[in-house]
Amino acid sequence: MISSRSAVRTTGLVVGAVVLLVPACTGSDSDPGAEDGGASAPSSVSAEIDNDDGLVVSFEAVGDADAYLLHLAGHDEPIRIESDQCADGACSVTLDRLSAADADEVTVSALSGEVESEPSAAVEVPAWPEPERQPESATPPANEPIDLLVSEVDAEGRPTVRTVTVPAGQDVEARIGELRQQDGVAGVSVAEPIIEDEGGFSTDGFPAGLATWQVEAMDFDALPAEPRGEGVTVAVIDDGITATHPNLDQADITETNVVEPGRDTPGEHGTAVTSLIVGEHSGLVPGIATGAAIRVHDVYNDGGEQTGGVGALAEAIVAAVDDGAQVINISLTARCAAWQEAMGSCPDEVLRPAVEYAENRDVVVVASAGNTGDGSDWCPGGGNETGWPAAFESVIAVGGTARDGSVWPCSPDVDYVDVLAPAAHLRAAVPPDEYQIVSGTSFSAPLVSGLIAVALAERPDLTPADIRTALSSSVAENGRLIATAFLQALNIELSVESPIDPTTAQQIVPFSLGLYLPPKSEVWRRAGLANSPLDPAAYSDGEAYYDDAQPPEDAFYPWRSAGLEWGFDDPFTVLIGGLLLIDADGNVTGTGHLQPHEYYTGHRVECPRPGFGIGTPWFSYRWDVPVTVSGHVAEDDVGRDVGELTLSLGEEATAQERGKLPDIKITHDTLDDCETVLAEYEAAWQDPGHPWSEVKTWPDKSISVTEPVYRQIILESPFVIDEGFFPPAEPDTPDSSVYTSGGTLADGVGFRLRVGDIDFAQLS
């Protein structure tokens, strides 16, 4: 139950926007103290670029200083350096390029107790060398053979990948077309390398207690008790793992190599990723799911090269599923070169069957979104390029946040990112027994994978769709994942009674709402028209309507699944799930999402006949309609909580004004394959059901009748739940922490509100 009197639990967020790499150092006794009783400013400050390590800031130690503060121009918070970590009267601090984050000057001050000295003279930060980038070509490489990856799916739905080489000088595009026509071929892509989504490693040591801000940001202490994630297997598709690292040697880790079976060579990236999932709390990297089992699928060869590229990644996904993984973490990205895109042969064709194989077997796939964001000119660049497998609808795509909860500048601004998690200046384990500061969405993804493992350990019945729905209901306005809200949305008990968002100190309460728009309402009418051209408003009763709808194959649209549940005599149901955030003054804000029924995954148009060896081609789409929540809660004269809740629907909605329908998302499109399927039926003297000339128009027709339903739902908002119904006063069951209410809003719209969980099954 929400309460205006709930206590705010304090958190130990580390202060500072940047975390550093600090070599060992101790203070000198030779420098005099400042006249005011504090330390004097450090002297001999220098800043140099070391191409191997990064920005090296050096200065002389001050005798009576307890610590030092490194100030980077343009950064809000300084970096603290303890005095007992200097050596021989000198201190040196190394930061990687992303940690320095475009600073052009640096100063250092000394701390004596709580007194800070004047800063040193400003020192200019040298210009970083420009990274070498090869210009993209719109044509295939000349005079070179081109390897193509061919994905084939067997009768059981299991994908395999083979390589076909096109000799130099031959027509690559024509060969791709020929391969696509072969029986059982699900996709053809040019063989391309995959990219590790880290912003760069730094190589020096640093003191304990820094760079673990994910512990507070994701509220590890409020998660279920250790060993979290026990009984769940997480596959890590990456390079090799150093399982003997002191931060990992107590974890359950096994490894196989996809490219060179039997090889076991440690890799920096995979070790770092794994440590964020199962790192021992006694080490310097506390894992989020230390009880999970890790199964590593190495897609690199002995030289650390991605000789298998996209093909090895697809094979690793299938192998991970076959090996029993429940979660697959992929901190790698495949992108499409300009010349590949021009001929329509991007990596998604080969990766899609593997991703669908995982989805069909209830395996959750999590992938980093990449570092192609352009939020700052110090980002690696890439213009928010599309990256796979993150871009697939069924994959949970993870972007990054900075320490203050804002979007990390290099996180890509693309519509397929599902959640944001810590990405900047995180400590991670690296071979053989060391630690480094790392940045990038490569390290956001394992935190989300580990959190999902925690959820599956508590709720093994959860499906990937359940996980995605809960995640979409558990984010702040900017997409930042609130870990405790995610578990609450799944009805998983936490280690604390009243979880608090560590970033905003607001109370977190999940909610779910069912809206029931009555027969004869405009939404109900448009939903009826999305299923049949018969206008339900023209009929006085259901009997007359269904009499005219005979035979059904003539009266209802021929595409197999419109994605809307509608009946003449029933209200049209709209479900909303999300978070309420309540501050100490009782102000309520929040976010949510809308879906038309419990199992909504979008709208789908299928080929009227299944393909031989490739299944049924289809086209699917959806609108992700956001919900903006506002309101208040206070205590009345007799000690009861009373308030009001307003829900405004649509993109750019405000507390009191509805927004607009967001852009449509095409989530799958293989319907063109239906042309070949129908031709095969005709060649076999079988009725294809509908000619291709008709079927190819179905997607546009389906969208044209479905879109008005969503537009009308948005037009009906804002929906206001008045005092007496919010907050609900009655528990769902006598011992339940979920409170419910129900009634009728304006225009006869019925509602049922649940505060404390997101449970659409109880509202459908």
# chains A, B, ... in the order shown; residues from 1 in each chain; ligands from 1
>>> select_by_dssp(residues="range 305-436 of chain A", states="strand (DSSP E)", output="list of chain:residue names")
A:Val327, A:Ile328, A:Asn329, A:Ile330, A:Leu332, A:Thr333, A:Val364, A:Val365, A:Val366, A:Ala367, A:Ser368, A:Ile396, A:Ala397, A:Val398, A:Gly399, A:Gly400, A:Thr401, A:Val419, A:Leu420, A:Ala421, A:Pro422, A:Leu426, A:Arg427, A:Ala428, A:Ala429, A:Val430, A:Glu434, A:Tyr435, A:Gln436
>>> residues_around(residues="range 657-660 of chain A", least_positions_apart="6", cutoff="10 Å", atoms="only C-alpha atoms", output="list in words")
Val625, Pro626, Val627, Thr628, Thr646, Leu647, Ser648, Leu649, Gly650, Glu651, Tyr710, Arg711, Ile714, Leu715, Glu716, Ser717, Pro718 and Phe719 of chain A
>>> residues_around(residues="Leu645 in chain A", least_positions_apart="3", cutoff="6 Å", atoms="only C-alpha atoms", output="MDAnalysis selection string")
chainID A and resid 630:631 720:721
>>> residues_around(residues="range 499-514 of chain A", least_positions_apart="2", cutoff="6 Å", atoms="only C-alpha atoms", output="list of chain:residue names")
A:Ala217, A:Val574, A:Leu575, A:Ile576, A:Gly577, A:Gly578, A:Leu579, A:Leu580, A:Leu581, A:Ile582, A:Asp583, A:Phe751, A:Arg752, A:Leu753, A:Arg754, A:Val755, A:Gly756, A:Asp757, A:Ile758, A:Leu763
>>> write_last_selection(atoms="N, CA, C and O atoms", output="compact mmCIF listing (two decimals), in the first residue's frame")
# COMPACT_ATOMS: atom_id res chain seq x y z
N ALA A 217 22.89 1.71 -7.57
CA ALA A 217 21.96 2.08 -8.63
C ALA A 217 20.92 0.99 -8.89
O ALA A 217 19.77 1.28 -9.23
N VAL A 574 -8.69 -2.41 -22.24
CA VAL A 574 -7.37 -1.80 -22.39
C VAL A 574 -6.64 -2.00 -21.07
O VAL A 574 -7.18 -1.69 -20.00
N LEU A 575 -5.42 -2.53 -21.12
CA LEU A 575 -4.62 -2.79 -19.92
C LEU A 575 -3.44 -1.83 -19.86
O LEU A 575 -2.78 -1.58 -20.87
N ILE A 576 -3.17 -1.33 -18.67
CA ILE A 576 -2.05 -0.42 -18.45
C ILE A 576 -1.26 -0.93 -17.24
O ILE A 576 -1.84 -1.27 -16.21
N GLY A 577 0.04 -1.01 -17.39
CA GLY A 577 0.91 -1.39 -16.28
C GLY A 577 2.06 -0.43 -16.17
O GLY A 577 2.52 0.11 -17.18
N GLY A 578 2.55 -0.20 -14.95
CA GLY A 578 3.67 0.71 -14.80
C GLY A 578 4.06 0.94 -13.36
O GLY A 578 3.80 0.12 -12.48
N LEU A 579 4.69 2.08 -13.13
CA LEU A 579 5.23 2.43 -11.81
C LEU A 579 4.64 3.73 -11.31
O LEU A 579 4.46 4.68 -12.08
N LEU A 580 4.36 3.76 -10.02
CA LEU A 580 4.06 5.00 -9.32
C LEU A 580 5.28 5.38 -8.50
O LEU A 580 5.82 4.54 -7.78
N LEU A 581 5.71 6.62 -8.60
CA LEU A 581 6.83 7.13 -7.82
C LEU A 581 6.30 8.23 -6.92
O LEU A 581 5.77 9.24 -7.40
N ILE A 582 6.42 8.03 -5.61
CA ILE A 582 5.83 8.94 -4.64
C ILE A 582 6.93 9.60 -3.82
O ILE A 582 7.76 8.91 -3.21
N ASP A 583 6.94 10.95 -3.81
CA ASP A 583 7.97 11.63 -3.04
C ASP A 583 7.48 11.89 -1.61
O ASP A 583 6.35 11.55 -1.24
N PHE A 751 -13.42 0.49 -14.64
CA PHE A 751 -12.01 0.32 -14.34
C PHE A 751 -11.84 -0.59 -13.14
O PHE A 751 -12.71 -0.70 -12.27
N ARG A 752 -10.68 -1.24 -13.10
CA ARG A 752 -10.21 -1.99 -11.93
C ARG A 752 -8.75 -1.66 -11.75
O ARG A 752 -7.95 -1.81 -12.69
N LEU A 753 -8.38 -1.20 -10.56
CA LEU A 753 -7.03 -0.75 -10.27
C LEU A 753 -6.39 -1.67 -9.25
O LEU A 753 -7.00 -2.01 -8.24
N ARG A 754 -5.15 -2.06 -9.54
CA ARG A 754 -4.34 -2.84 -8.59
C ARG A 754 -3.09 -2.02 -8.28
O ARG A 754 -2.36 -1.64 -9.19
N VAL A 755 -2.84 -1.77 -7.01
CA VAL A 755 -1.64 -1.05 -6.58
C VAL A 755 -0.81 -2.01 -5.74
O VAL A 755 -1.26 -2.50 -4.71
N GLY A 756 0.39 -2.29 -6.24
CA GLY A 756 1.27 -3.24 -5.54
C GLY A 756 1.79 -4.32 -6.44
O GLY A 756 2.74 -5.03 -6.10
N ASP A 757 1.19 -4.50 -7.63
CA ASP A 757 1.71 -5.47 -8.58
C ASP A 757 1.23 -5.12 -9.97
O ASP A 757 0.43 -4.20 -10.18
N ILE A 758 1.75 -5.84 -10.95
CA ILE A 758 1.28 -5.75 -12.33
C ILE A 758 0.78 -7.14 -12.69
O ILE A 758 1.58 -8.05 -12.95
N LEU A 763 -7.07 -8.78 -14.45
CA LEU A 763 -7.82 -7.65 -15.02
C LEU A 763 -8.44 -7.98 -16.37
O LEU A 763 -9.25 -7.20 -16.87
>>> atom_distance(atom1="CA of Ser439 in chain A", atom2="CA of Thr333 in chain A")
15.5 Å
